[in-house]
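Here is entry10.tsv, consisting of TSV, C-alpha atoms:
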chain	number	residue	atom	x	y	z
A	581	MET	CA	-13.51	37.72	-16.23
A	582	GLU	CA	-14.08	39.38	-12.87
A	583	HIS	CA	-15.63	36.26	-11.40
A	584	GLU	CA	-13.44	33.81	-13.36
A	585	PRO	CA	-9.78	34.78	-12.89
A	586	LEU	CA	-7.26	33.60	-15.44
A	587	HIS	CA	-5.08	32.17	-12.67
A	588	PRO	CA	-7.23	30.56	-9.95
A	589	PRO	CA	-5.80	30.43	-6.43
A	590	ILE	CA	-3.83	27.40	-5.30
A	591	SER	CA	-6.68	26.45	-2.96
A	592	GLN	CA	-8.74	25.71	-6.10
A	593	LYS	CA	-5.91	23.97	-7.89
A	594	ILE	CA	-5.20	21.44	-5.15
A	595	HIS	CA	-7.93	18.83	-5.46
A	596	TRP	CA	-9.29	18.18	-1.97
A	597	GLN	CA	-8.52	14.51	-1.48
A	598	LEU	CA	-7.11	14.79	2.01
A	599	ASP	CA	-5.35	11.42	1.87
A	600	LEU	CA	-4.89	11.67	5.61
A	601	SER	CA	-3.47	8.24	6.23
A	602	PHE	CA	-0.26	7.05	4.67
A	603	ARG	CA	-2.02	4.01	3.29
A	604	HIS	CA	-5.24	5.28	1.68
A	605	PHE	CA	-4.84	6.34	-1.92
A	606	ASN	CA	-7.91	7.37	-3.89
A	607	TYR	CA	-7.68	6.31	-7.54
A	608	THR	CA	-11.21	6.51	-8.93
A	609	THR	CA	-11.76	10.28	-8.82
A	610	PRO	CA	-8.51	11.44	-10.45
A	611	LEU	CA	-8.73	8.80	-13.16
A	612	ILE	CA	-12.31	9.51	-14.13
A	613	GLU	CA	-12.03	13.31	-13.87
A	614	SER	CA	-8.75	13.41	-15.77
A	615	ILE	CA	-9.98	11.21	-18.58
A	616	ARG	CA	-13.30	13.01	-18.74
A	617	GLY	CA	-11.55	16.33	-18.84
A	618	ASN	CA	-9.47	15.13	-21.76
A	619	GLY	CA	-12.60	14.72	-23.86
A	620	ALA	CA	-11.51	11.30	-25.09
A	621	SER	CA	-14.93	9.72	-24.72
A	622	SER	CA	-18.44	10.73	-25.60
A	623	VAL	CA	-19.85	7.94	-23.46
A	624	VAL	CA	-18.44	9.12	-20.13
A	625	LYS	CA	-20.06	12.55	-19.93
A	626	PRO	CA	-18.78	15.20	-17.54
A	627	MET	CA	-20.88	16.26	-14.58
A	628	PRO	CA	-22.39	19.76	-14.45
A	629	ALA	CA	-19.67	22.34	-13.93
A	630	ALA	CA	-21.21	23.56	-10.68
A	631	PHE	CA	-20.75	20.17	-9.03
A	632	VAL	CA	-17.25	19.41	-10.25
A	633	GLY	CA	-14.27	20.24	-8.03
A	634	ALA	CA	-11.12	21.92	-9.22
A	635	PRO	CA	-9.68	19.77	-12.07
A	636	MET	CA	-6.38	18.03	-11.69
A	637	GLU	CA	-3.63	19.61	-13.73
A	638	SER	CA	-1.68	17.24	-15.91
A	639	SER	CA	1.58	19.17	-16.06
A	640	LYS	CA	4.55	17.61	-14.30
A	641	ALA	CA	5.38	20.91	-12.60
A	642	SER	CA	1.90	21.12	-11.05
A	643	PHE	CA	2.02	17.46	-10.05
A	644	ILE	CA	5.40	17.85	-8.35
A	645	THR	CA	4.30	21.06	-6.61
A	646	LYS	CA	1.17	19.48	-5.16
A	647	MET	CA	3.06	16.35	-4.14
A	648	VAL	CA	5.73	18.38	-2.33
A	649	LEU	CA	3.13	20.54	-0.53
A	650	LEU	CA	1.03	17.61	0.63
A	651	ASP	CA	4.03	15.48	1.61
A	652	ALA	CA	5.43	18.41	3.59
A	653	ALA	CA	2.11	18.58	5.45
A	654	LYS	CA	2.32	14.84	6.15
A	655	ALA	CA	5.83	15.23	7.51
A	656	ALA	CA	4.57	17.90	9.90
A	657	VAL	CA	1.88	15.60	11.33
A	658	ALA	CA	3.91	12.37	11.25
A	659	PRO	CA	4.20	12.29	15.08
A	660	PHE	CA	0.43	11.79	15.30
A	661	GLU	CA	0.75	8.83	12.93
A	662	ARG	CA	3.34	7.13	15.12
A	663	VAL	CA	1.34	7.70	18.30
A	664	LYS	CA	-1.72	6.25	16.58
A	665	LEU	CA	0.26	3.14	15.57
A	666	LEU	CA	1.72	2.72	19.05
A	667	MET	CA	-1.69	2.88	20.69
A	668	GLN	CA	-3.27	0.73	18.01
A	669	ASN	CA	-0.70	-2.06	18.48
A	670	GLN	CA	0.21	-1.63	22.15
A	671	ASN	CA	-1.22	-5.04	23.15
A	672	ASP	CA	1.02	-6.85	20.68
A	673	ILE	CA	3.98	-4.72	21.72
A	674	SER	CA	3.30	-5.74	25.32
A	675	LYS	CA	3.13	-9.43	24.34
A	676	SER	CA	6.58	-9.13	22.79
A	677	GLY	CA	7.90	-7.82	26.14
A	678	ARG	CA	8.86	-4.36	24.87
A	679	LEU	CA	6.13	-2.37	26.63
A	680	PRO	CA	5.84	-3.14	30.39
A	681	LYS	CA	2.80	-0.90	30.94
A	682	PRO	CA	0.15	0.16	28.42
A	683	TYR	CA	-0.35	3.78	27.44
A	684	ASN	CA	-3.00	5.68	29.41
A	685	GLY	CA	-3.92	7.94	26.52
A	686	ILE	CA	-2.70	9.96	23.58
A	687	PHE	CA	-0.78	12.56	25.58
A	688	HIS	CA	0.73	9.91	27.85
A	689	CYS	CA	1.96	8.09	24.74
A	690	PHE	CA	3.49	11.33	23.42
A	691	ALA	CA	5.19	12.10	26.73
A	692	LYS	CA	6.49	8.58	27.30
A	693	THR	CA	7.87	8.28	23.78
A	694	ILE	CA	9.66	11.62	23.98
A	695	ARG	CA	11.01	10.88	27.46
A	696	HIS	CA	12.46	7.46	26.60
A	697	GLU	CA	13.37	7.88	22.91
A	698	GLY	CA	13.71	11.59	22.23
A	699	ILE	CA	11.51	13.98	20.28
A	700	PHE	CA	12.86	12.98	16.86
A	701	SER	CA	11.74	9.40	17.46
A	702	LEU	CA	8.20	10.62	16.76
A	703	TRP	CA	9.16	10.53	13.07
A	704	ARG	CA	10.42	6.93	13.29
A	705	GLY	CA	8.98	4.94	10.40
A	706	TYR	CA	7.87	8.03	8.49
A	707	PRO	CA	10.66	8.06	5.84
A	708	VAL	CA	9.82	4.61	4.47
A	709	MET	CA	6.09	5.41	4.50
A	710	ALA	CA	6.83	8.65	2.63
A	711	ILE	CA	8.78	6.72	0.00
A	712	GLY	CA	5.82	4.39	-0.50
A	713	ASP	CA	3.48	7.38	-0.69
A	714	VAL	CA	5.60	9.04	-3.37
A	715	PHE	CA	5.78	5.80	-5.35
A	716	SER	CA	1.98	5.47	-5.23
A	717	LYS	CA	1.49	9.01	-6.53
A	718	VAL	CA	4.04	8.54	-9.32
A	719	ILE	CA	2.44	5.27	-10.42
A	720	ARG	CA	-1.03	6.83	-10.35
A	721	TYR	CA	0.14	9.88	-12.31
A	722	ASN	CA	1.80	7.77	-15.01
A	723	ILE	CA	-1.27	5.57	-15.39
A	724	ILE	CA	-3.46	8.66	-15.83
A	725	GLU	CA	-1.06	10.16	-18.36
A	726	TYR	CA	-0.92	6.88	-20.27
A	727	ALA	CA	-4.71	6.69	-20.39
A	728	LYS	CA	-4.94	10.26	-21.71
A	729	THR	CA	-2.54	9.51	-24.55
A	730	ARG	CA	-4.52	6.47	-25.74
A	731	GLU	CA	-6.87	8.31	-28.06
A	732	ASP	CA	-7.54	5.06	-29.91
A	733	ILE	CA	-9.39	3.68	-26.88
A	734	ARG	CA	-13.03	4.57	-26.36
A	735	TRP	CA	-13.05	5.37	-22.65
A	736	THR	CA	-16.38	4.04	-21.47
A	737	SER	CA	-17.28	3.91	-17.79
A	738	MET	CA	-16.47	0.19	-17.71
A	739	ARG	CA	-12.99	0.69	-19.16
A	740	VAL	CA	-12.28	3.53	-16.77
A	741	GLN	CA	-13.20	1.24	-13.88
A	742	GLU	CA	-10.99	-1.53	-15.30
A	743	LEU	CA	-8.09	0.90	-15.50
A	744	ASN	CA	-8.84	2.03	-11.97
A	745	CYS	CA	-8.69	-1.58	-10.72
A	746	VAL	CA	-5.34	-2.13	-12.43
A	747	ALA	CA	-3.94	1.03	-10.85
A	748	PHE	CA	-5.35	0.05	-7.46
A	749	PHE	CA	-3.90	-3.47	-7.31
A	750	ALA	CA	-0.59	-2.59	-8.95
A	751	THR	CA	0.00	0.27	-6.54
A	752	GLN	CA	-0.97	-1.70	-3.45
A	753	LEU	CA	1.20	-4.63	-4.51
A	754	LEU	CA	4.25	-2.38	-4.79
A	755	VAL	CA	3.52	-0.10	-1.83
A	756	HIS	CA	2.50	-2.63	0.84
A	757	PRO	CA	6.10	-3.67	1.71
A	758	PHE	CA	6.85	0.00	2.45
A	759	LEU	CA	3.74	0.18	4.62
A	760	TYR	CA	4.83	-2.97	6.44
A	761	ALA	CA	8.36	-1.67	7.08
A	762	GLY	CA	7.04	1.71	8.23
A	763	THR	CA	4.62	0.06	10.65
A	764	ARG	CA	7.33	-2.19	12.12
A	765	MET	CA	9.69	0.75	12.52
A	766	ALA	CA	7.05	2.97	14.13
A	767	THR	CA	5.98	0.28	16.62
A	768	ASP	CA	9.57	-0.68	17.50
A	769	VAL	CA	9.67	0.66	21.06
A	770	LYS	CA	13.07	1.09	22.67
A	771	ILE	CA	13.49	-1.11	25.73
A	772	THR	CA	13.76	0.99	28.86
A	773	GLY	CA	17.01	0.59	30.76
A	774	ASN	CA	20.70	1.04	30.18
A	775	SER	CA	20.81	-0.97	26.95
A	776	GLY	CA	18.07	0.92	25.12
A	777	GLN	CA	17.94	-1.77	22.44
A	778	ARG	CA	15.51	-1.89	19.56
A	779	GLN	CA	14.27	-4.86	17.61
A	780	PHE	CA	15.25	-3.30	14.28
A	781	ASN	CA	18.27	-1.11	13.54
A	782	GLY	CA	16.78	0.40	10.41
A	783	ILE	CA	14.68	-0.16	7.30
A	784	THR	CA	17.20	-2.57	5.79
A	785	ASP	CA	17.23	-4.58	9.01
A	786	VAL	CA	13.43	-4.88	8.90
A	787	TYR	CA	13.52	-6.36	5.41
A	788	ARG	CA	16.49	-8.60	6.15
A	789	LYS	CA	15.01	-10.16	9.30
A	790	THR	CA	11.54	-10.52	7.76
A	791	LEU	CA	12.83	-12.20	4.60
A	792	LYS	CA	15.07	-14.49	6.65
A	793	SER	CA	12.28	-15.62	9.00
A	794	TYR	CA	9.18	-15.63	6.77
A	795	GLY	CA	10.28	-15.05	3.19
A	796	ILE	CA	8.67	-12.53	0.88
A	797	VAL	CA	5.23	-13.52	2.19
A	798	GLY	CA	6.15	-11.82	5.47
A	799	LEU	CA	6.23	-8.45	3.71
A	800	TYR	CA	2.59	-8.89	2.71
A	801	ARG	CA	1.05	-9.68	6.09
A	802	GLY	CA	-2.24	-7.85	6.33
A	803	PHE	CA	-2.41	-7.35	2.57
A	804	ASN	CA	-5.78	-9.09	2.10
A	805	ILE	CA	-7.62	-7.13	4.80
A	806	THR	CA	-5.99	-3.94	3.49
A	807	LEU	CA	-7.55	-4.55	0.07
A	808	VAL	CA	-10.95	-5.17	1.68
A	809	GLU	CA	-10.56	-2.00	3.72
A	810	LEU	CA	-9.69	0.14	0.72
A	811	VAL	CA	-12.49	-1.33	-1.41
A	812	MET	CA	-14.97	-0.58	1.36
A	813	LEU	CA	-13.54	2.92	1.78
A	814	GLY	CA	-13.91	3.47	-1.97
A	815	ALA	CA	-17.50	2.24	-1.89
A	816	LEU	CA	-18.32	4.59	0.99
A	817	SER	CA	-16.62	7.46	-0.83
A	818	THR	CA	-18.66	6.76	-3.96
A	819	GLY	CA	-21.90	6.55	-2.01
A	820	LEU	CA	-21.26	9.75	-0.09
A	821	SER	CA	-19.80	11.63	-3.05
A	822	PRO	CA	-23.11	13.22	-4.24
A	823	TRP	CA	-23.75	14.58	-0.75
A	824	LYS	CA	-20.22	15.88	-0.45
A	825	GLN	CA	-20.46	17.56	-3.86
A	826	TYR	CA	-23.80	19.08	-2.91
A	827	TYR	CA	-22.53	20.61	0.34
A	828	SER	CA	-19.32	21.73	-1.34
A	829	TYR	CA	-21.43	23.49	-3.98
A	830	ILE	CA	-23.72	25.34	-1.57
A	831	LEU	CA	-20.68	26.31	0.53
A	832	GLN	CA	-18.46	27.24	-2.41
A	833	ASN	CA	-18.05	30.81	-1.11
A	834	ASP	CA	-17.22	29.67	2.43
A	835	TYR	CA	-13.75	28.15	2.28
A	836	LEU	CA	-13.56	27.12	5.94
A	837	SER	CA	-16.96	25.41	5.92
A	838	ARG	CA	-16.08	23.57	2.72
A	839	VAL	CA	-12.90	22.24	4.29
A	840	MET	CA	-14.82	21.15	7.39
A	841	VAL	CA	-17.27	19.25	5.18
A	842	GLU	CA	-14.37	17.40	3.55
A	843	PHE	CA	-12.90	16.72	6.97
A	844	GLY	CA	-16.21	15.39	8.30
A	845	PHE	CA	-16.80	13.04	5.39
A	846	ASP	CA	-13.22	11.77	5.57
A	847	ILE	CA	-13.51	11.06	9.30
A	848	CYS	CA	-16.75	9.13	8.70
A	849	GLY	CA	-15.03	6.92	6.14
A	850	LYS	CA	-11.97	6.32	8.29
A	851	MET	CA	-13.94	5.45	11.41
A	852	ALA	CA	-16.13	3.06	9.41
A	853	THR	CA	-13.04	1.12	8.27
A	854	TYR	CA	-10.78	1.70	11.27
A	855	SER	CA	-11.30	-1.80	12.69
A	856	MET	CA	-9.98	-3.27	9.43
A	857	ASP	CA	-6.95	-1.01	9.63
A	858	THR	CA	-6.34	-2.32	13.16
A	859	VAL	CA	-6.50	-5.94	11.99
A	860	SER	CA	-4.12	-5.19	9.13
A	861	ARG	CA	-1.60	-3.50	11.42
A	862	ARG	CA	-1.86	-6.28	14.00
A	863	MET	CA	-1.26	-8.85	11.25
A	864	MET	CA	1.99	-7.04	10.47
A	865	MET	CA	3.00	-7.48	14.11
A	866	THR	CA	3.16	-11.29	13.77
A	867	TRP	CA	6.58	-11.83	15.32
A	868	GLY	CA	8.07	-13.54	18.36
A	869	GLY	CA	5.40	-13.84	21.03
A	870	VAL	CA	2.65	-12.66	18.64
A	871	LYS	CA	1.24	-15.33	16.35
A	872	TYR	CA	-1.55	-14.79	13.82
A	873	LYS	CA	-2.03	-17.54	11.24
A	874	SER	CA	-4.51	-15.70	9.03
A	875	THR	CA	-6.79	-12.67	8.92
A	876	LEU	CA	-9.75	-14.57	10.36
A	877	HIS	CA	-7.54	-16.02	13.09
A	878	ALA	CA	-6.31	-12.53	13.98
A	879	ILE	CA	-9.88	-11.18	14.19
A	880	ALA	CA	-11.00	-14.13	16.33
A	881	GLN	CA	-8.00	-13.89	18.67
A	882	ILE	CA	-8.30	-10.14	19.17
A	883	TRP	CA	-12.06	-10.36	19.72
A	884	LYS	CA	-11.78	-13.28	22.15
A	885	THR	CA	-8.85	-12.11	24.27
A	886	GLU	CA	-9.12	-8.30	24.13
A	887	GLY	CA	-12.72	-7.42	23.24
A	888	VAL	CA	-14.32	-5.28	20.56
A	889	LYS	CA	-12.99	-2.04	22.02
A	890	THR	CA	-9.45	-3.03	21.04
A	891	PHE	CA	-10.31	-2.70	17.37
A	892	TYR	CA	-10.59	1.06	17.95
A	893	ASN	CA	-7.42	1.62	19.96
A	894	GLY	CA	-5.79	4.79	18.69
A	895	ALA	CA	-8.95	6.10	17.00
A	896	GLY	CA	-8.63	9.35	18.91
A	897	ALA	CA	-5.10	9.80	17.60
A	898	GLU	CA	-6.42	9.15	14.08
A	899	ILE	CA	-8.95	11.96	14.48
A	900	LEU	CA	-6.24	14.30	15.79
A	901	LEU	CA	-4.07	13.26	12.83
A	902	CYS	CA	-6.85	14.20	10.40
A	903	ALA	CA	-7.44	17.51	12.16
A	904	ALA	CA	-3.73	18.38	12.30
A	905	TYR	CA	-3.24	17.49	8.64
A	906	THR	CA	-6.26	19.53	7.57
A	907	GLY	CA	-5.02	22.53	9.55
A	908	THR	CA	-1.51	22.22	8.12
A	909	VAL	CA	-2.77	22.00	4.54
A	910	MET	CA	-5.05	25.00	5.12
A	911	LEU	CA	-2.09	27.01	6.41
A	912	VAL	CA	0.10	26.03	3.44
A	913	ILE	CA	-2.65	26.90	0.97
A	914	TYR	CA	-3.38	30.22	2.70
A	915	VAL	CA	0.29	31.28	2.60
A	916	ALA	CA	0.56	30.21	-1.04
A	917	ASP	CA	-2.57	32.20	-1.94
A	918	VAL	CA	-1.23	35.29	-0.14
A	919	ILE	CA	2.04	35.04	-2.04
A	920	ARG	CA	0.18	34.53	-5.34
A	921	ALA	CA	-2.10	37.52	-4.68
A	922	ALA	CA	0.86	39.73	-3.76
A	923	THR	CA	2.71	38.66	-6.91
A	924	GLU	CA	-0.29	39.36	-9.15
A	925	LYS	CA	-0.87	42.73	-7.46
A	926	GLY	CA	2.75	43.66	-8.06
A	927	SER	CA	2.41	42.68	-11.71
A	928	ASP	CA	-0.79	44.72	-12.09
A	929	ASP	CA	0.85	47.76	-10.45
A	930	GLY	CA	3.78	47.40	-12.79
A	931	ARG	CA	1.52	47.24	-15.84
A	932	SER	CA	-0.44	50.29	-14.61
A	933	ALA	CA	2.76	52.27	-14.13
A	934	LEU	CA	3.95	51.39	-17.63
A	935	GLY	CA	0.60	52.39	-19.09
A	936	PHE	CA	0.66	55.76	-17.29
A	937	THR	CA	4.19	56.44	-18.50
A	938	ALA	CA	3.23	55.65	-22.08
A	939	ARG	CA	0.24	57.99	-21.98
A	940	TRP	CA	2.31	60.77	-20.38
A	941	ARG	CA	4.86	60.58	-23.17
A	942	ASP	CA	2.22	60.69	-25.89
A	943	PRO	CA	1.50	64.37	-26.67
A	944	ARG	CA	-1.99	63.43	-27.88
A	945	GLY	CA	-2.79	61.78	-24.51
A	946	LYS	CA	-3.64	58.45	-26.11
Render the structure in this file as structure tokens.
Amino acid sequence: MEHEPLHPPISQKIHWQLDLSFRHFNYTTPLIESIRGNGASSVVKPMPAAFVGAPMESSKASFITKMVLLDAAKAAVAPFERVKLLMQNQNDISKSGRLPKPYNGIFHCFAKTIRHEGIFSLWRGYPVMAIGDVFSKVIRYNIIEYAKTREDIRWTSMRVQELNCVAFFATQLLVHPFLYAGTRMATDVKITGNSGQRQFNGITDVYRKTLKSYGIVGLYRGFNITLVELVMLGALSTGLSPWKQYYSYILQNDYLSRVMVEFGFDICGKMATYSMDTVSRRMMMTWGGVKYKSTLHAIAQIWKTEGVKTFYNGAGAEILLCAAYTGTVMLVIYVADVIRAATEKGSDDGRSALGFTARWRDPRGK
């Protein structure tokens, strides 16, 4: 038991799916690992223990704890998300007349936003994105729990994938309006001058104006390219998974290196699909002076008028977002592990003291 503690540290309990963006939710891994771990199928065999990451815990307390920790980390790095969205959509913001001059870089965007809107404006749009993120996790958790209770179903690989597809489309269908509202709020730049007006006064105003002008379809602008993006991201994750598991295995005793491997693989996936994310966000900006009739029309217009480089506007902020999130999560996990170790040490000292007292009182020394 020396090498296999009864209570593993929190860093092993939190499954390392960094989930760095507010829109990318990985469904395949938790579904397959959770169902496999339940032992409900003899067809879907578990991988060798050495290559399997820390299993997901099914208790509600553990689920809530991990969700709170990760969402707290996202709240800490939310300013990077808004800066990324501002730089990613600055051309459309300029077309709407709300941004006279483009941003010169990440730090210029930070400084200009704080100077004209205040430091707390860096979290503009985050609350509605956080609500959508929580909803996605709750839906995913309930689907996993439902699958684990269906002992009458023989969970083959095909059925697990079918369940994964249902979870994927159902979650995206419900979460996309939150993503849309968060994007519109985050890219709503305050007009410089005495008036300081915004296009939207709040989340409710976003939904009201969108439904009035475009109907419910307006809430799903960019939905198609988002699905393509996430499918491609899932395919890349599946293809790179054996390599990630291999490096995580050989670096299992080096926590920092293991985290950097996760960070590197995540960045590769995000940069490979970043252009699709840009198209999706720009589709959401269809308003006023910005007109995109379809996904293909948006791609053609952006390519023709702005060039290929525009598809990667804000990519540097995305990398900083990933790095900041990884660092924040590492800090949270480190503090939690220190507290856990101190608690266990205190318990062990208490048990040792009780044992010594008992032996001292026994005249036979037993």
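Atom to atom, CA of Gly887 in chain A and CA of Gly705 in chain A stand 28.1 Å apart.
Near Thr858 in chain A, within 10 Å and counting all atoms listed in the file, sit A:Leu665, A:Gln668, A:Asn669, A:Gly802, A:Ile805, A:Thr806, A:Thr853, A:Met863, A:Met864, A:Ile879, A:Thr890, A:Phe891, A:Tyr892, A:Asn893, A:Gly894, A:Ala895, not including residues fewer than 5 positions from it in the same chain.
In this comparison, which uses only C-alpha atoms, the residue of A:Arg730, A:Arg801, A:Arg778, A:Lys770 approaching Leu753 in chain A most closely is A:Arg801.
You will find CA of Leu816 in chain A at 24.9 Å from CA of Asp651 in chain A.
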Long-range neighbours of Ala658 in chain A as a JSON list (two decimals) with C-alpha atoms, in the coordinates of the input, 9 Å cut-off, all atoms listed in the file, 3 positions minimum in chain:
[["chain", "number", "residue", "atom", "x", "y", "z"],
["A", 653, "ALA", "CA", 2.11, 18.58, 5.45],
["A", 654, "LYS", "CA", 2.32, 14.84, 6.15],
["A", 655, "ALA", "CA", 5.83, 15.23, 7.51],
["A", 661, "GLU", "CA", 0.75, 8.83, 12.93],
["A", 662, "ARG", "CA", 3.34, 7.13, 15.12],
["A", 663, "VAL", "CA", 1.34, 7.70, 18.30],
["A", 702, "LEU", "CA", 8.20, 10.62, 16.76],
["A", 703, "TRP", "CA", 9.16, 10.53, 13.07],
["A", 704, "ARG", "CA", 10.42, 6.93, 13.29],
["A", 706, "TYR", "CA", 7.87, 8.03, 8.49],
["A", 901, "LEU", "CA", -4.07, 13.26, 12.83]]
From the list A:Arg739, A:His877, A:Arg764, A:Lys925, the nearest residue to Gly798 in chain A using all atoms listed in the file is A:Arg764
